[in-house]
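Coordinates from query-v2.tsv are shown below (TSV, C-alpha atoms).
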```
chain	number	residue	atom	x	y	z
S	1	GLN	CA	0.16	18.51	11.16
S	2	VAL	CA	-1.54	15.22	10.45
S	3	GLN	CA	-4.80	14.14	12.04
S	4	LEU	CA	-5.62	10.44	12.29
S	5	VAL	CA	-9.17	9.39	13.13
S	6	GLU	CA	-9.95	5.79	14.05
S	7	SER	CA	-13.33	4.10	13.82
S	8	GLY	CA	-14.78	0.61	14.06
S	9	GLY	CA	-14.11	-0.40	17.64
S	10	GLY	CA	-16.71	-1.96	19.88
S	11	LEU	CA	-17.80	-4.99	21.85
S	12	VAL	CA	-17.57	-8.42	20.24
S	13	GLN	CA	-17.82	-11.99	21.46
S	14	PRO	CA	-14.80	-14.31	21.43
S	15	GLY	CA	-14.32	-15.73	17.96
S	16	GLY	CA	-15.94	-12.72	16.34
S	17	SER	CA	-14.57	-10.12	13.94
S	18	LEU	CA	-14.12	-6.37	13.82
S	19	ARG	CA	-12.68	-4.03	11.23
S	20	LEU	CA	-10.87	-0.89	12.34
S	21	SER	CA	-10.28	2.03	10.00
S	22	CYS	CA	-8.01	5.04	10.26
S	23	ALA	CA	-8.55	8.11	8.11
S	24	ALA	CA	-5.63	10.47	7.61
S	25	SER	CA	-5.92	14.19	6.90
S	26	VAL	CA	-2.77	14.15	4.73
S	27	ARG	CA	-2.11	11.87	1.76
S	28	ILE	CA	-0.73	8.60	3.11
S	29	VAL	CA	1.59	8.27	0.14
S	30	ASN	CA	3.59	10.91	2.02
S	31	SER	CA	4.20	8.41	4.81
S	32	ASN	CA	6.88	5.76	5.15
S	33	ALA	CA	4.65	3.45	7.12
S	34	MET	CA	1.38	3.25	8.92
S	35	GLY	CA	0.31	0.89	11.62
S	36	TRP	CA	-1.80	-0.13	14.56
S	37	TYR	CA	-0.75	-0.36	18.17
S	38	ARG	CA	-2.75	-1.33	21.23
S	39	GLN	CA	-2.65	-0.76	24.95
S	40	ALA	CA	-4.45	-2.91	27.48
S	41	PRO	CA	-5.11	-1.70	31.05
S	42	GLY	CA	-1.95	-1.81	33.12
S	43	LYS	CA	0.22	-2.73	30.14
S	44	GLU	CA	2.54	-0.86	27.81
S	45	ARG	CA	1.51	0.09	24.31
S	46	GLU	CA	2.51	-2.63	21.86
S	47	LEU	CA	2.77	-2.99	18.13
S	48	VAL	CA	-0.01	-4.92	16.42
S	49	ALA	CA	0.74	-4.48	12.71
S	50	THR	CA	2.47	-2.11	10.32
S	51	ILE	CA	2.42	-1.62	6.58
S	52	THR	CA	4.91	0.30	4.47
S	53	ASN	CA	4.17	2.39	1.42
S	54	ALA	CA	5.44	-0.60	-0.57
S	55	ASP	CA	2.65	-2.69	0.99
S	56	SER	CA	5.05	-4.74	3.11
S	57	ALA	CA	3.21	-5.84	6.26
S	58	ASN	CA	4.54	-6.86	9.65
S	59	TYR	CA	2.56	-8.43	12.48
S	60	ALA	CA	2.99	-9.17	16.15
S	61	ASP	CA	3.28	-12.91	16.74
S	62	SER	CA	0.13	-12.83	18.85
S	63	VAL	CA	-2.04	-11.71	15.90
S	64	LYS	CA	-0.41	-13.48	12.94
S	65	GLY	CA	-2.95	-15.42	10.93
S	66	ARG	CA	-5.87	-13.60	12.56
S	67	PHE	CA	-5.36	-9.92	11.73
S	68	THR	CA	-4.78	-8.31	8.33
S	69	ILE	CA	-3.59	-4.75	7.76
S	70	SER	CA	-4.25	-2.95	4.49
S	71	ARG	CA	-4.02	0.56	3.08
S	72	ASP	CA	-6.01	2.47	0.48
S	73	ASN	CA	-3.92	5.29	-0.93
S	74	ALA	CA	-6.85	6.73	-2.87
S	75	LYS	CA	-8.96	7.09	0.29
S	76	ASN	CA	-6.03	7.87	2.61
S	77	THR	CA	-7.05	5.12	4.97
S	78	VAL	CA	-5.44	2.16	6.69
S	79	SER	CA	-7.54	-0.69	8.01
S	80	LEU	CA	-7.13	-3.60	10.37
S	81	GLN	CA	-9.34	-6.65	9.83
S	82	MET	CA	-9.46	-8.64	13.05
S	83	ASN	CA	-10.80	-12.19	12.99
S	84	SER	CA	-10.99	-14.94	15.60
S	85	LEU	CA	-10.84	-12.33	18.34
S	86	LYS	CA	-9.80	-13.40	21.83
S	87	PRO	CA	-10.39	-11.77	25.22
S	88	GLU	CA	-6.68	-10.93	25.34
S	89	ASP	CA	-7.16	-8.72	22.28
S	90	THR	CA	-9.13	-6.32	24.47
S	91	ALA	CA	-7.38	-2.95	24.41
S	92	VAL	CA	-7.47	0.58	23.09
S	93	TYR	CA	-6.22	0.45	19.51
S	94	TYR	CA	-4.25	3.38	18.13
S	95	CYS	CA	-3.49	4.30	14.55
S	96	ASN	CA	0.09	5.41	13.91
S	97	ALA	CA	1.75	7.05	10.94
S	98	ARG	CA	5.33	8.01	10.19
S	99	TYR	CA	5.33	10.77	7.62
S	100	VAL	CA	8.05	12.19	5.45
S	101	LEU	CA	6.01	15.24	4.57
S	102	PRO	CA	5.16	16.74	6.98
S	103	PHE	CA	7.94	14.99	8.85
S	104	GLY	CA	6.99	13.27	12.07
S	105	GLN	CA	5.19	10.49	13.87
S	106	TYR	CA	1.49	10.90	14.50
S	107	TRP	CA	-1.11	9.10	16.60
S	108	GLY	CA	-4.88	8.83	16.54
S	109	GLN	CA	-7.01	9.24	19.63
S	110	GLY	CA	-7.64	5.50	19.99
S	111	THR	CA	-10.66	3.25	19.71
S	112	GLN	CA	-11.76	0.70	22.31
S	113	VAL	CA	-12.00	-2.97	21.37
S	114	THR	CA	-13.56	-5.27	23.95
S	115	VAL	CA	-13.76	-9.02	23.43
S	116	SER	CA	-16.08	-10.58	25.96
S	117	SER	CA	-18.98	-12.99	26.22
```

What does the file become when written as structure tokens?
Amino acid sequence: QVQLVESGGGLVQPGGSLRLSCAASVRIVNSNAMGWYRQAPGKERELVATITNADSANYADSVKGRFTISRDNAKNTVSLQMNSLKPEDTAVYYCNARYVLPFGQYWGQGTQVTVSS
């Protein structure tokens, strides 16, 4: 089993920044990809950004140019730097990992991000 623990959420004003981190209990080099998803009230969970173990990143159109995903294999963490935040970025953000060993897809418990003045 793999445990993913997110941190860094909170309340921020529009235009502000937050940095989310996800710590994995198993070496992330054992994963194919890690990423961040979000779910706003009344909406389906959606992809925000993913990064492969070759450091290839993919972003939702709505966050391109504002968010940056990165991974630190030595610390077994994946981070999401969020700049120029908008009220529509308000959601619970979930860390996701697709592992080869142990095989499976894993989710964190989520961290709340609220963008409001």

Next item on the list: Might you pull out every residue within 10 Å of Gln105 in chain S, with all atoms listed in the file counted and same-chain residues fewer than 3 positions away left off, and present them as a list in words?
Entry: Gln1, Val2, Ser31, Ala33, Met34, Asn96, Ala97, Arg98, Tyr99, Val100 and Pro102 of chain S

Notebook entry, point to check: Which distance in Å separates CA of Leu47 in chain S and CA of Ile28 in chain S, to one decimal?
Noted result: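 Here the two named atoms are 19.3 Å from each other.
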
For Lys64 in chain S, find every residue with an atom within 10 Å (counting all atoms listed in the file), except residues of its own chain fewer than 6 positions away, and show them as a compact mmCIF listing (two decimals) with C-alpha atoms, in the coordinates of the input.
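Contents of part_17.txt, as written:
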```txt
# COMPACT_ATOMS: atom_id res chain seq x y z
CA VAL S 48 -0.01 -4.92 16.42
CA ALA S 49 0.74 -4.48 12.71
CA ASN S 58 4.54 -6.86 9.65
```

Notebook entry, point to check: Which value, in Å to one decimal, gives the distance between CA of Gly16 in chain S and CA of Met82 in chain S?
Noted result: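 It comes out at 8.3 Å.
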
Next item on the list: May I have the protein, DNA and RNA residues with an atom at most 9 Å from (-4.0, 8.8, 19.0), counting all atoms listed in the file in the file's coordinates, returned as number ranges by chain?
Entry: S: 3-6, 93-96, 106-111

Next item on the list: Select, from S:Ala54, S:Lys43, S:Leu11, S:Trp36, the residue with the minimum atom-to-atom distance to Gln81 in chain S, counting only C-alpha atoms.
Entry: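 Checking each of S:Ala54, S:Lys43, S:Leu11, S:Trp36 against Gln81 in chain S, counting only C-alpha atoms, the winner is S:Trp36.
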
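Residues having any atom no farther than 7 Å from (-14.0, 2.1, 24.4) (counting all atoms listed in the file) are Gly10, Val92, Thr111, Gln112 and Val113 of chain S.
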
Next item on the list: Find, counting all atoms listed in the file, the residue in S:Val78, S:Arg45, S:Gly104, S:Ser117 that gets nearest to Ala23 in chain S.
Entry: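 Residue with the minimum atom-to-atom distance to Ala23 in chain S: S:Val78.
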
Check: Quick one: residues within 12 Å of Lys75 in chain S, only C-alpha atoms counted, chain neighbours fewer than 4 positions away excluded, as a count of residues only?
Finding: 12
